[in-house]
Amino acid sequence: MQHPNIVEFQVSGDYALFSDPIMRVGGEKCTYQVPTYEALKGILSSVYWKPTLIWYIDRVRVINRIRTEVKGIRPVKYQHGPNESGNDLSYYTYLKDCVYQVRAHFEWNMNRPELAGDRNENKHHEIAKRMIRKGGRRDVFLGTRECQGYVEPCVYGEGNGWYDDLEMLTFGLMFHGMTYADEAYSDETRDAMTARFWYPRMINGEIIFPRPEQCTVTKKIHEMRVKPFGYDLDNFTGLTEFEEAKL
């Protein structure tokens with residue numbers, strides 16, 4: 001299905017680390033070979049995001065050859081004695097010289113009825129395209145904070161990719177993304193945080209992502225409630241409400 005609010009962009013960086021959330025707790029970290037749906041969605045959310053909408057990543061092209069580099073890292077220890085160093089030694093495996101072309105679109109977040117008045121498709125689409133041309137509103141990272149990324153507009157499919165002639169490459173079970181309470185799409189994902197997994201295939205250098213609700217392997221992490229946007233004292237929306245509250 002073709003959507004009228006499609007955006008296309010290229011994201012690149014010297015290094016990337018797209019890892020399973022389970023590996024984020026500590027110790028050794030090893031990247032996936034290709035970016036996850038959630039990582040690309042996070043990149044696009046750094047470019048432009050509003051709670052009125054949800055970004056959906058449609059597909060990605062892997063332009064450069066998949067290469068890795070191992071680095072020795074000194075992360076902070078979670079627990080250490082009074083006479084011990086606060087750092088540890090670990091080895092992180094990064095992707096190197098990364099370039100990806102991405103196609104995505106947005107849909108309205110129907111879990112946010114209080115923002116129905118902001119559902120102006122042309123406005124958000126034009127702002128998103130302008131932010132892509134500007135390189136994003138916030139800093140862009142390829143998986144982790146230390147992997148700086150750079151966004152620029154592109155025509156999806158243009159140019160040569162390293163894997164254009166490779167018929168198919170599979171990656172096994174892979175993390176797809178997180179479904180948060182305010183992006184729930186079913187009774188099972190309502191009022192909860194849910195992890196999604198899938199079996200990606202890269203065909204001629206391109207990965208086509210399923211929609212979140214099409215992922216058949218899921219795991220409920222914990223209960224989560226949607227925090228509405230309103231005018232109460234705990235969740236004011238601007239300076240005027242803050243002043244009126246006389247806090």
# chains A, B, ... in the order shown; residues from 1 in each chain; ligands from 1
>>> residues_around(residues="region 41-47 of chain A", least_positions_apart="5", cutoff="8 Å", atoms="only C-alpha atoms", output="PDB file with C-alpha atoms, in the first residue's frame")
ATOM      1  CA  TRP A  55       6.294   6.497  12.311  1.00  0.00           C
ATOM      2  CA  TYR A  56       6.288   3.214  10.389  1.00  0.00           C
ATOM      3  CA  ILE A  57       9.512   2.044   8.726  1.00  0.00           C
ATOM      4  CA  ALA A 128       9.246  16.153   8.421  1.00  0.00           C
ATOM      5  CA  MET A 131      13.740  18.472   9.074  1.00  0.00           C
ATOM      6  CA  ILE A 132      15.324  15.737   6.931  1.00  0.00           C
ATOM      7  CA  GLY A 135      19.654  16.913   9.252  1.00  0.00           C
ATOM      8  CA  GLY A 136      17.142  16.456  12.070  1.00  0.00           C
ATOM      9  CA  ARG A 137      15.889  18.330  15.118  1.00  0.00           C
ATOM     10  CA  ARG A 138      17.923  16.330  17.622  1.00  0.00           C
ATOM     11  CA  ASP A 139      21.181  14.411  17.470  1.00  0.00           C
ATOM     12  CA  VAL A 140      20.988  11.211  15.435  1.00  0.00           C
ATOM     13  CA  PHE A 141      22.594   7.983  16.648  1.00  0.00           C
ATOM     14  CA  LEU A 142      23.066   4.617  14.956  1.00  0.00           C
TER      15      LEU A 142
END
>>> select_by_dssp(residues="region 19-220 of chain A", states="helix (DSSP H, G or I)", output="ChimeraX atom specification")
/A:21-24,37-47,113-118,121-134,181-183,212-214
>>> residues_around(residues="Asn111 (chain A)", least_positions_apart="5", cutoff="12 Å", atoms="only C-alpha atoms", output="MDAnalysis selection string")
chainID A and resid 51:54 116 180:186 189:191 225:229
>>> closest_residue(among="A:Ser90, A:Asn122, A:Thr170, A:Thr68", to="Leu17 (chain A)", atoms="only C-alpha atoms")
A:Thr68
>>> closest_residue(among="A:Thr218, A:Gln101, A:Thr93, A:Thr144", to="Gly161 (chain A)", atoms="only C-alpha atoms")
A:Gln101
>>> closest_residue(among="A:Cys215, A:Met168, A:Ala16, A:Val7", to="Arg103 (chain A)", atoms="only C-alpha atoms")
A:Val7
>>> residues_around(residues="region 30-40 of chain A", least_positions_apart="5", cutoff="9 Å", atoms="only C-alpha atoms", output="VMD selection string")
chain A and resid 16 to 20 23 45 56 to 60 62 66 to 68 70 91 to 95 100 102 141 to 143 171 174 to 178 209
>>> write_last_selection(atoms="N, CA and C atoms", output="compact mmCIF listing (two decimals), in the first residue's frame")
# COMPACT_ATOMS: atom_id res chain seq x y z
N ALA A 16 28.20 1.87 14.08
CA ALA A 16 26.83 1.61 14.52
C ALA A 16 26.84 0.40 15.43
N LEU A 17 25.87 0.37 16.36
CA LEU A 17 25.73 -0.78 17.25
C LEU A 17 24.24 -1.02 17.45
N PHE A 18 23.71 -1.95 16.66
CA PHE A 18 22.30 -2.31 16.75
C PHE A 18 22.20 -3.64 17.50
N SER A 19 21.91 -3.57 18.78
CA SER A 19 21.95 -4.77 19.59
C SER A 19 20.59 -5.09 20.19
N ASP A 20 20.45 -6.33 20.59
CA ASP A 20 19.26 -6.78 21.31
C ASP A 20 19.20 -6.04 22.64
N MET A 23 21.08 -7.29 25.66
CA MET A 23 22.52 -7.11 25.75
C MET A 23 22.89 -5.70 26.21
N SER A 45 12.47 9.53 14.57
CA SER A 45 11.87 10.30 15.65
C SER A 45 12.80 11.43 16.09
N TYR A 56 6.18 4.61 10.80
CA TYR A 56 6.29 3.21 10.39
C TYR A 56 7.42 3.11 9.36
N ILE A 57 8.40 2.26 9.65
CA ILE A 57 9.51 2.04 8.73
C ILE A 57 9.08 0.98 7.71
N ASP A 58 9.06 1.35 6.45
CA ASP A 58 8.61 0.43 5.40
C ASP A 58 9.73 -0.49 4.91
N ARG A 59 10.89 0.10 4.62
CA ARG A 59 11.99 -0.69 4.08
C ARG A 59 13.31 0.05 4.22
N VAL A 60 14.40 -0.70 4.11
CA VAL A 60 15.73 -0.12 4.21
C VAL A 60 16.65 -0.80 3.19
N VAL A 62 20.67 -1.58 2.37
CA VAL A 62 22.02 -1.61 2.93
C VAL A 62 22.98 -1.26 1.79
N ILE A 66 28.81 -4.95 4.78
CA ILE A 66 28.69 -5.17 6.22
C ILE A 66 30.06 -5.58 6.78
N ARG A 67 30.63 -4.69 7.60
CA ARG A 67 31.92 -4.94 8.23
C ARG A 67 31.82 -4.62 9.72
N THR A 68 32.61 -5.29 10.51
CA THR A 68 32.60 -5.05 11.96
C THR A 68 33.98 -4.69 12.46
N VAL A 70 35.99 -4.51 16.45
CA VAL A 70 35.92 -4.72 17.90
C VAL A 70 36.74 -3.65 18.60
N TYR A 91 34.50 -5.71 25.61
CA TYR A 91 34.73 -5.58 24.18
C TYR A 91 33.39 -5.42 23.47
N TYR A 92 33.26 -4.35 22.70
CA TYR A 92 32.05 -4.07 21.94
C TYR A 92 32.35 -4.30 20.46
N THR A 93 31.42 -4.95 19.78
CA THR A 93 31.57 -5.18 18.34
C THR A 93 30.65 -4.24 17.59
N TYR A 94 31.22 -3.34 16.81
CA TYR A 94 30.48 -2.31 16.07
C TYR A 94 30.43 -2.63 14.58
N LEU A 95 29.41 -2.15 13.91
CA LEU A 95 29.43 -2.08 12.46
C LEU A 95 30.25 -0.87 12.05
N TYR A 100 22.75 3.71 4.95
CA TYR A 100 21.44 3.07 4.72
C TYR A 100 20.49 4.08 4.08
N VAL A 102 16.43 4.74 3.68
CA VAL A 102 15.24 4.37 4.42
C VAL A 102 14.00 5.00 3.79
N PHE A 141 21.65 9.02 16.26
CA PHE A 141 22.59 7.98 16.65
C PHE A 141 22.23 6.68 15.94
N LEU A 142 23.26 5.92 15.59
CA LEU A 142 23.07 4.62 14.96
C LEU A 142 23.11 3.54 16.04
N GLY A 143 22.02 3.41 16.74
CA GLY A 143 21.90 2.36 17.75
C GLY A 143 22.27 2.78 19.15
N PHE A 171 18.96 -13.66 8.62
CA PHE A 171 19.66 -13.26 9.85
C PHE A 171 19.13 -13.95 11.09
N MET A 174 15.43 -11.97 15.22
CA MET A 174 16.00 -10.65 15.45
C MET A 174 14.97 -9.75 16.12
N PHE A 175 15.45 -8.87 16.97
CA PHE A 175 14.59 -7.89 17.62
C PHE A 175 14.00 -6.95 16.58
N HIS A 176 12.69 -6.75 16.64
CA HIS A 176 12.01 -5.84 15.72
C HIS A 176 11.81 -4.47 16.37
N GLY A 177 11.18 -4.46 17.55
CA GLY A 177 10.96 -3.19 18.22
C GLY A 177 10.14 -3.35 19.48
N MET A 178 9.87 -2.21 20.13
CA MET A 178 9.06 -2.17 21.33
C MET A 178 7.71 -1.55 21.02
N PHE A 209 10.21 -4.35 6.06
CA PHE A 209 9.78 -4.60 7.43
C PHE A 209 8.29 -4.87 7.52
>>> closest_residue(among="A:Asp97, A:Glu114, A:Glu126, A:Glu28", to="Arg74 (chain A)", atoms="only C-alpha atoms")
A:Glu28
>>> closest_residue(among="A:Gly117, A:Gly13, A:Pro210, A:Pro153", to="Asn64 (chain A)", atoms="only C-alpha atoms")
A:Gly13
>>> select_by_dssp(residues="region 48-228 of chain A", states="strand (DSSP E or B)", output="number ranges by chain")
A: 53-62, 68-73, 76, 87, 90-108, 140-141, 148-153, 169-170, 174-179, 192-198, 201-203, 206-208, 217-223
>>> write_last_selection(atoms="C-alpha atoms", output="short mmCIF file (atom, residue, chain, number, x, y, z; two decimals), in the first residue's frame")
data_model
loop_
_atom_site.label_atom_id
_atom_site.label_comp_id
_atom_site.auth_asym_id
_atom_site.auth_seq_id
_atom_site.Cartn_x
_atom_site.Cartn_y
_atom_site.Cartn_z
CA LEU A 53 1.62 10.46 14.88
CA ILE A 54 3.44 7.12 14.73
CA TRP A 55 6.29 6.50 12.31
CA TYR A 56 6.29 3.21 10.39
CA ILE A 57 9.51 2.04 8.73
CA ASP A 58 8.61 0.43 5.40
CA ARG A 59 11.99 -0.69 4.08
CA VAL A 60 15.73 -0.12 4.21
CA ARG A 61 18.58 -0.57 1.70
CA VAL A 62 22.02 -1.61 2.93
CA THR A 68 32.60 -5.05 11.96
CA GLU A 69 35.25 -3.72 14.29
CA VAL A 70 35.92 -4.72 17.90
CA LYS A 71 36.81 -2.03 20.42
CA GLY A 72 37.95 -2.25 24.01
CA ILE A 73 35.60 -0.20 26.19
CA VAL A 76 31.04 1.95 34.45
CA ASN A 87 35.15 0.92 35.61
CA SER A 90 34.56 -5.00 27.90
CA TYR A 91 34.73 -5.58 24.18
CA TYR A 92 32.05 -4.07 21.94
CA THR A 93 31.57 -5.18 18.34
CA TYR A 94 30.48 -2.31 16.07
CA LEU A 95 29.43 -2.08 12.46
CA LYS A 96 31.80 0.10 10.46
CA ASP A 97 31.26 2.64 7.63
CA CYS A 98 27.47 2.38 7.61
CA VAL A 99 25.17 3.83 4.96
CA TYR A 100 21.44 3.07 4.72
CA GLN A 101 18.58 4.35 2.61
CA VAL A 102 15.24 4.37 4.42
CA ARG A 103 11.62 4.73 3.33
CA ALA A 104 8.95 5.38 5.96
CA HIS A 105 5.55 6.96 6.51
CA PHE A 106 3.44 8.11 9.43
CA GLU A 107 -0.08 7.35 10.59
CA TRP A 108 -2.18 9.01 13.26
CA VAL A 140 20.99 11.21 15.44
CA PHE A 141 22.59 7.98 16.65
CA GLN A 148 26.89 9.58 15.70
CA GLY A 149 24.72 9.47 12.58
CA TYR A 150 24.02 11.95 9.79
CA VAL A 151 20.73 12.26 7.92
CA GLU A 152 20.18 13.72 4.47
CA PRO A 153 17.44 13.46 1.85
CA LEU A 169 20.53 -13.26 3.03
CA THR A 170 18.82 -14.32 6.28
CA MET A 174 16.00 -10.65 15.45
CA PHE A 175 14.59 -7.89 17.62
CA HIS A 176 12.01 -5.84 15.72
CA GLY A 177 10.96 -3.19 18.22
CA MET A 178 9.06 -2.17 21.33
CA THR A 179 5.33 -1.53 21.51
CA ALA A 192 1.78 -2.79 28.57
CA MET A 193 5.28 -2.66 27.12
CA THR A 194 5.77 -5.47 24.61
CA ALA A 195 8.90 -6.59 22.74
CA ARG A 196 8.52 -7.82 19.16
CA PHE A 197 10.75 -10.22 17.20
CA TRP A 198 10.86 -11.47 13.62
CA ARG A 201 15.47 -11.50 5.03
CA MET A 202 17.54 -9.18 2.88
CA ILE A 203 16.71 -9.60 -0.81
CA GLU A 206 16.79 -4.53 0.72
CA ILE A 207 14.86 -5.45 3.86
CA ILE A 208 11.09 -4.97 3.89
CA VAL A 217 6.79 -13.45 18.15
CA THR A 218 6.14 -11.10 21.07
CA LYS A 219 7.00 -10.88 24.75
CA LYS A 220 5.20 -8.74 27.33
CA ILE A 221 7.79 -6.93 29.44
CA HIS A 222 5.67 -5.22 32.10
CA GLU A 223 2.54 -3.19 32.72
#
